[in-house]
Amino acid sequence: MASTICFILWVLFVTDTVWTRSVRQVYEASDPEDWTMHDFDCPRECFCPPSFPTALYCENRGLKEIPAIPSRIWYLYLENNLIETIPEKPFENATQLRWINLNKNKITNYGIEKGALSQLKKLLFLFLEDNELEEVPSPLPRSLEQLQLARNKVSRIPQGTFSNLENLTLLDLQHNKLLDNAFQRDTFKGLKNLMQLNMAKNALRNMPPRLPANTMQLFLDNNSIEGIPENYFNVIPKVAFLRLNHNKLSDAGLPSSGFNVSSILDLQLSHNQLTKVPKISAHLQHLHLDHNKIRNVNVSVICPSTPTTLPVEDSFSYGPHLRYLRLDGNEIKPPIPMDLMTCFRLLQAVII
């Protein structure tokens, strides 16, 4: 029970790490005594709460242009407007910006003036979801830690786009129009600290090449991926959470070692075309295989090997760590094989 609680806490820690790395920086407050009365100017189109003087709220106002941003602002909310362009001028005094939310506008790549974003030297979070972007915008500030581009029309990643973004920890490209030809071998070069990469709901048929070595969370659900190259995971030795639900993976498309990767703790392969349970690591804790074409569970094949010299009481600590197994929606008929429970002694839930 204690190990399960530890795992849950670790999952929460890793999931939130890309947020918490910057929390202390983002929520630092500058001294109000350092501001002049001019600094308290508020664009008439927006709202400046007296209790939160570093924030500027301009969302849901039908704006077509970005107003001039006062120098004191750290947090800028412009979501759900009719903005089509991001020029340099409104940001010429906004040297303290950490957070910009431009979700749900009509911004195109042609509307982003070169240098408008890269001039924001302290920017950490940039939200451009639900716009009209067709490629990842560039150049971006080196300081950036999170880039959210979900639900655009992105089909291109210009060469060198990420080359200077060594501080980026989260890149969200889900629900775009990415094809395999959008990636070169050096596309992700420069993303030395990237931890979470989300490319779900695109049109990929192959695994993206040469991912950043520090990637821990890789989400590729709802693509058309048919196979995984041999030794693919050697390049991302820290990957712990892998989601490949709703793809076209078959047994023939998996590496010979399956998913026997010691770093993977949570593996999701639901809604694919697998006919047998793939090989897994003894460290895996959650396995989702529902809605495939699996007919039986060959425990002698999937049970990770453990030292035979261990005392029985130690096998719980050093044996397979699998706690959750989902097999419903396949062609397996109960009862659950007893040797499955013998192998995976820590199993707490099996859905079949």
# chains A, B, ... in the order shown; residues from 1 in each chain; ligands from 1
>>> residues_around(residues="segment 87-100 of chain A", least_positions_apart="3", cutoff="8 Å", atoms="only C-alpha atoms", output="MDAnalysis selection string")
chainID A and resid 26 66:78 111:117 120:127
>>> select_by_dssp(residues="segment 130-160 of chain A", states="strand (DSSP E or B)", output="ChimeraX atom specification")
/A:135,146-148,156
>>> write_last_selection(atoms="all heavy atoms", output="tab-separated table (two decimals), in the first residue's frame")
chain	number	residue	atom	x	y	z
A	135	GLU	N	2.21	26.78	-38.99
A	135	GLU	CA	3.53	26.28	-38.61
A	135	GLU	C	3.88	26.80	-37.22
A	135	GLU	O	3.25	27.76	-36.73
A	135	GLU	CB	4.60	26.69	-39.61
A	135	GLU	CG	4.81	28.18	-39.76
A	135	GLU	CD	5.87	28.51	-40.80
A	135	GLU	OE1	5.83	27.91	-41.90
A	135	GLU	OE2	6.72	29.38	-40.52
A	146	GLN	N	7.04	26.89	-21.49
A	146	GLN	CA	5.90	26.13	-21.99
A	146	GLN	C	5.36	26.79	-23.26
A	146	GLN	O	5.14	28.01	-23.29
A	146	GLN	CB	4.78	26.06	-20.95
A	146	GLN	CG	5.13	25.18	-19.76
A	146	GLN	CD	3.91	24.82	-18.94
A	146	GLN	OE1	2.78	24.88	-19.42
A	146	GLN	NE2	4.13	24.43	-17.70
A	147	LEU	N	5.12	25.96	-24.28
A	147	LEU	CA	4.56	26.43	-25.54
A	147	LEU	C	3.34	25.57	-25.87
A	147	LEU	O	3.45	24.37	-26.11
A	147	LEU	CB	5.60	26.32	-26.66
A	147	LEU	CG	5.15	26.75	-28.06
A	147	LEU	CD1	4.66	28.20	-28.07
A	147	LEU	CD2	6.28	26.55	-29.06
A	148	GLN	N	2.16	26.21	-25.86
A	148	GLN	CA	0.89	25.50	-26.06
A	148	GLN	C	0.30	25.90	-27.41
A	148	GLN	O	-0.14	27.03	-27.59
A	148	GLN	CB	-0.08	25.88	-24.93
A	148	GLN	CG	0.47	25.70	-23.53
A	148	GLN	CD	0.13	24.36	-22.92
A	148	GLN	OE1	-0.46	23.50	-23.58
A	148	GLN	NE2	0.50	24.16	-21.67
A	156	ARG	N	3.81	22.31	-40.37
A	156	ARG	CA	5.23	22.53	-40.63
A	156	ARG	C	5.96	23.00	-39.37
A	156	ARG	O	5.42	23.77	-38.57
A	156	ARG	CB	5.43	23.58	-41.73
A	156	ARG	CG	4.82	23.20	-43.07
A	156	ARG	CD	5.17	24.24	-44.13
A	156	ARG	NE	4.67	25.57	-43.81
A	156	ARG	CZ	3.43	25.99	-44.07
A	156	ARG	NH1	2.58	25.17	-44.65
A	156	ARG	NH2	3.06	27.22	-43.75
>>> residues_around(residues="segment 233-239 of chain A", least_positions_apart="6", cutoff="12 Å", atoms="only C-alpha atoms", output="PyMOL selection string")
chain A and resi 14+192-197+207-219+254-255+257-267+284
>>> residues_around(residues="Glu226 of chain A", least_positions_apart="6", cutoff="10 Å", atoms="only C-alpha atoms", output="PyMOL selection string")
chain A and resi 204-207+247-254+272-273
>>> write_last_selection(atoms="N, CA, C and O atoms", output="CSV table (one decimal), in the first residue's frame")
chain,number,residue,atom,x,y,z
A,204,LEU,N,0.2,11.2,-38.0
A,204,LEU,CA,1.5,10.5,-38.0
A,204,LEU,C,1.3,9.0,-38.3
A,204,LEU,O,0.4,8.4,-37.7
A,205,ARG,N,2.1,8.5,-39.1
A,205,ARG,CA,2.1,7.0,-39.4
A,205,ARG,C,3.4,6.4,-38.8
A,205,ARG,O,3.4,5.2,-38.7
A,206,ASN,N,4.4,7.2,-38.4
A,206,ASN,CA,5.6,6.7,-37.8
A,206,ASN,C,5.9,7.5,-36.5
A,206,ASN,O,5.4,8.6,-36.3
A,207,MET,N,6.7,6.9,-35.7
A,207,MET,CA,7.1,7.6,-34.5
A,207,MET,C,8.0,8.7,-34.9
A,207,MET,O,8.9,8.6,-35.8
A,247,ASN,N,-4.2,4.0,-32.3
A,247,ASN,CA,-3.4,4.0,-33.4
A,247,ASN,C,-3.6,2.7,-34.2
A,247,ASN,O,-4.7,2.1,-34.1
A,248,LYS,N,-2.6,2.3,-35.0
A,248,LYS,CA,-2.8,1.1,-35.8
A,248,LYS,C,-1.6,0.1,-35.5
A,248,LYS,O,-1.1,-0.6,-36.4
A,249,LEU,N,-1.2,0.1,-34.3
A,249,LEU,CA,-0.1,-0.8,-33.9
A,249,LEU,C,-0.5,-2.3,-34.0
A,249,LEU,O,-1.6,-2.7,-33.5
A,250,SER,N,0.3,-3.1,-34.6
A,250,SER,CA,0.1,-4.5,-34.7
A,250,SER,C,1.3,-5.2,-34.0
A,250,SER,O,2.3,-4.6,-33.8
A,251,ASP,N,1.2,-6.5,-33.8
A,251,ASP,CA,2.3,-7.3,-33.2
A,251,ASP,C,3.6,-7.2,-34.1
A,251,ASP,O,4.7,-7.0,-33.6
A,252,ALA,N,3.4,-7.2,-35.4
A,252,ALA,CA,4.6,-7.2,-36.3
A,252,ALA,C,5.2,-5.8,-36.3
A,252,ALA,O,6.4,-5.7,-36.6
A,253,GLY,N,4.5,-4.8,-35.8
A,253,GLY,CA,5.1,-3.4,-35.8
A,253,GLY,C,5.9,-3.1,-34.5
A,253,GLY,O,6.5,-2.0,-34.5
A,254,LEU,N,5.9,-4.0,-33.6
A,254,LEU,CA,6.6,-3.7,-32.3
A,254,LEU,C,8.0,-4.2,-32.4
A,254,LEU,O,8.4,-5.2,-33.1
A,272,ASN,N,-5.9,-0.5,-30.4
A,272,ASN,CA,-4.9,-0.8,-31.5
A,272,ASN,C,-5.3,-2.1,-32.2
A,272,ASN,O,-6.4,-2.6,-32.1
A,273,GLN,N,-4.3,-2.8,-32.8
A,273,GLN,CA,-4.6,-4.1,-33.5
A,273,GLN,C,-3.7,-5.2,-33.0
A,273,GLN,O,-3.4,-6.1,-33.7
>>> atom_distance(atom1="atom CA of His288 of chain A", atom2="atom CA of Leu347 of chain A")
13.3 Å
>>> select_by_dssp(residues="segment 163-311 of chain A", states="alpha helix (DSSP H)", output="ChimeraX atom specification")
/A:299-302
>>> atom_distance(atom1="atom CA of Gln348 of chain A", atom2="atom CA of Leu287 of chain A")
12.2 Å
>>> residues_around(residues="Met338 of chain A", least_positions_apart="5", cutoff="12 Å", atoms="only C-alpha atoms", output="PyMOL selection string")
chain A and resi 297-300+343-345
>>> residues_around(residues="Glu84 of chain A", least_positions_apart="6", cutoff="10 Å", atoms="only C-alpha atoms", output="PyMOL selection string")
chain A and resi 63-66+105-112+131-132
>>> closest_residue(among="A:Thr169, A:Gln174, A:Asn80, A:Asn222", to="Gln268 of chain A", atoms="only C-alpha atoms")
A:Asn222
>>> atom_distance(atom1="atom CA of Leu149 of chain A", atom2="atom CA of Cys46 of chain A")
24.4 Å
>>> closest_residue(among="A:Thr187, A:Gln285, A:Ala349, A:Arg142", to="Gly319 of chain A", atoms="only C-alpha atoms")
A:Gln285
